[in-house]
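Asker: A single structure is presented below for examination.
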Amino acid sequence: MKHAQRLSRCIAALLPLLATSLAQAQAQPQPVSGAANEAPQAPSAAASAAKRTLSPPAKPASASKTNEQPAQLERVELSGKASDEAARRASTASKIVIGREEIERFGDSSVGEVLKRLPGVTTGGRPGRGGEVRMRGMGSGYTQILVNGERMPPGFSLDQLPPEQLERIEVMRAPTAEYGARGVAGTINVVLREALAKRLNDLKLGVSSERGRLRPNASWSRSDKLDEHGGAYTLSINAQQGDTLDDLNSLSLTRNLKTQAESSLLTQGRTEASRKSLNLNARLQWKLGEGENFNLQPFVNAARGSSDNAQTFSRTPPQPGDGSYYFDRSNTHSDTRFDMARLNAQWTKALDESRRIDLRAGLGRAHALGDTLTQEYLGAPGSAAIRTQQDHTDSRDSNWSFNGKYSHQLENEHSLVAGLESEGTQRNQTRDCLQNGATCRGQLEFGDELSASTQRFAAYVQDEWSLGKQWSFYAGLRGETIATRSQSSAQEVKNRSSVWTPLLHGVWKFDEKSRDQIRASLTRSYRSPNLQDLIAQPSINSFYPCPDGQPCGANSYDHPDRAGNPNLLPELATGIDLAYENYLSKGGILSVSAFARQISNLIRNDTRLENVSWANTPRYVTRPQNIGNAKTYGVELEAKFRLDEFIDEAWPVQVRSNLSIFRSSVDGIPGPNNKLDQQPSATANLGADYRLRSLPLSLGGSINWTPANTVQQSRETEANTSRKIVLDAFALWNIDRDMSLRLSASNLAPLDYSNGSQTLTSDSLITKSSNGASYTQWQLRLEIKI
């Protein structure tokens, strides 16, 4: 009875508004569009079905015609962007969409901090500092990172993008033909600000603090029309400066199994770093004609950084007897510079109501400079350095891309898409190295210039169709070839690989009006070796350097040299994904999903004793190797809802929670922890936020948990990391309609973070550990709508 009374009052209140709307519709019959800037697209099968459902019923042919006919209402079509949940629900392939509201909610300072709250997403590094983004706990290279649907050049990371410049984030758990199959764990596509017809002029001024060091930042976003014919633009600029102070201690303990003698190395270090960055991206759109659009998307990133690292070394016994290089203090100063510019162009043309062509091209350039001065000391403070090394590196990357896509909406509910893609990257790198004023031994041995290129070509076709209103299917096939070549004075490297990836997705709704649906995917994906793994020139370990003018001597297992491997094969993965989703009436979702991947040609860094050209005795060298097969599987639970969805009298608190459980095993490595590198056993998030009714104040908080992790990396080495618990909170005060003040805190309950390893060889046990503290970061930001 209570709900019926509420419903009757709502209907009574809406009747006058409905009458007014009908009168306006009769007076102004022209269509209204809320997304004039969007390029026309061939409707998907789901969209076609929705259009039929929303179309008014046809007028009966037997209707009588009189002189006094009632006024006929013209049909008014409203076009706008779907909500995040609606876009997720309509996609045949599993996809999570994070819009502007969710991105801005906690006032995060990096994209990684936003992503860490999503189901199955983890970040590397210390709590509260962002880090490498991983899906389903899988380590480096298993997650494909795209910006506006394209891969970014070497040296770029998501942490270089401020959240203010993002329009949305798309997380795809299974590969699709259009976005590529290079993400075994999944794909994260970051979409930058889009050109909108709606006027936007936002200014955000903030300052954050960690350990008493201030980090000012400012961002400005502007969107408006270019003309009255559908042209629009968006401009987003972000500038920030930050200083950090970190203390890190490490201990290496070696025990000889035959004599039980022990030796140790304790390292105590402090690093002070400073970084400045400027980011600019824009999108300009022109409407050339009916169904024809042209876009330009410039993107610029510039960063400057410097750091000072001071370390002290304590050895037991004091003087090693193994011939290794010995010093007890070092100071290192580094200056870095990174500049990147990219221009993308896109032309779309609707050939008719069912066919469309889309062409994209891009050009980019990245330039990285690094200068490092290392001074090593032995003896009392004030003594002269026993070795001074100066390193200068200069890397230049040029890249291009050209993609074409053809879309055709067929009459039998099939949406056909075919495309061709090509891209290339050229890297030229030089290194100058001086030790005590003379050219470094490594530079003489391996050269100081490196030229490398990578070219990728791909072709794909996909078909998406519906069978009735309950079934949707997707089938795709993608072929991709990657060719890598590098040249230096010491060696020439060539690598070429081709992969075909068939992809199948399906969705079944319980009934045509149901909020419940089941997804299934059967796919093939791959992980290609990165450029550095293939071409890395040998690097001699600084603890066992080579004497000037003499062959190198032996080194130890725990201090190996490093090198690349031009013979690496891509990892191939066959995967299956299953999911159940329930979309709630007040917004939100309850879901449970499961996945499994069977991986072949697994790549892992492996340390082996090798005969090398730079020594007259075998030395230990670490290089990536294809070591065999692996499998991984897991379950991901997600609950995103308003509290009053389940408790009638509850406040409308928004709750977000997820729990992911992972398992994996690597063939040929003994258990029980023979997992994929860096994969934890689980991760979980719990968060809530609420806007007070009595005050213009919103409050929220979240907790992110990743348990301690142990991984058996090889038969000899076991690695471990400590648990991570990150507690974040925010308060947003709406001063007035156009101004608000946000206070946010990241890592409110800071924990020490540690990692280490244990290596057992035939004659020794080597234990390594490093640890450091994490800190709370506070941020105060003024947000103004101009």
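Residues in the structure tokens are numbered from 1 in each chain, the chains being A, B, ... in the order shown, and ligands are numbered from 1 in the order shown.
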Enumerate, as an MDAnalysis selection string, the complete set of residues in stretch 56-222 of chain A that a backbone-based DSSP assignment places in alpha helix (DSSP H).
Answerer: chainID A and resid 84:90 100:104 111:115
Asker: For the residues in that selection, give me C-alpha atoms as a CSV table (one decimal), in the first residue's frame.
Answerer:
chain,number,residue,atom,x,y,z
A,84,ASP,CA,28.0,3.3,-18.3
A,85,GLU,CA,25.8,0.3,-17.3
A,86,ALA,CA,23.7,0.6,-20.5
A,87,ALA,CA,26.9,0.5,-22.7
A,88,ARG,CA,28.2,-2.5,-20.7
A,89,ARG,CA,24.9,-4.3,-21.0
A,90,ALA,CA,24.5,-3.7,-24.8
A,100,ARG,CA,33.7,10.9,-16.2
A,101,GLU,CA,31.6,10.8,-13.0
A,102,GLU,CA,33.4,7.6,-11.8
A,103,ILE,CA,36.9,8.9,-12.9
A,104,GLU,CA,36.4,12.1,-10.9
A,111,VAL,CA,45.0,6.8,-13.9
A,112,GLY,CA,46.4,3.8,-12.0
A,113,GLU,CA,44.7,5.0,-8.8
A,114,VAL,CA,41.4,5.0,-10.7
A,115,LEU,CA,41.9,1.6,-12.2
Asker: Considering only strand (DSSP E or B) as DSSP defines it on the backbone, what residues of stretch 228-263 of chain A qualify? List them as a list in words.
Answerer: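 Of stretch 228-263 of chain A, only Ala232, Tyr233, Thr234, Leu235, Ser236, Ile237, Asn238, Ala239, Gln240, Gln241, Gly242, Asp243, Thr244, Leu245, Asp246, Asp247, Leu248, Asn249, Ser250, Leu251, Ser252, Leu253, Thr254, Arg255, Asn256, Glu262 and Ser263 of chain A fall in strand (DSSP E or B).
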Asker: Could you jot down the atom CA of A:Trp651 to atom CA of A:Ser740 separation for me, Å, one decimal place?
Answerer: 22.9 Å
Asker: I'd like the contact shell of A:Arg562 - 12 Å cut-off, only C-alpha atoms, skipping same-chain residues fewer than 4 positions apart - returned as a PyMOL selection string.
Answerer: chain A and resi 442+532-533+535-542+555+557-558+605-610+612+619-624
Asker: Rank nothing, just name the residue among A:Leu590, A:Leu450, A:Gln678, A:Pro529 nearest to A:Gln625, using only C-alpha atoms.
Answerer: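 Residue with the minimum atom-to-atom distance to A:Gln625: A:Pro529.
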Asker: Which one of A:Val133, A:Ala174, A:Ala483, A:Ala731 sits closest to A:Leu578 if you count only C-alpha atoms?
Answerer: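 Among A:Val133, A:Ala174, A:Ala483, A:Ala731, it is A:Ala174 that comes nearest to A:Leu578.
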Asker: For stretch 269-285 of chain A, please output as a PyMOL selection string all residues within 8 Å (counting only C-alpha atoms; exclusion window: fewer than 4 positions along the same chain).
Answerer: chain A and resi 37+161-162+165+192-195+231-249+293-312
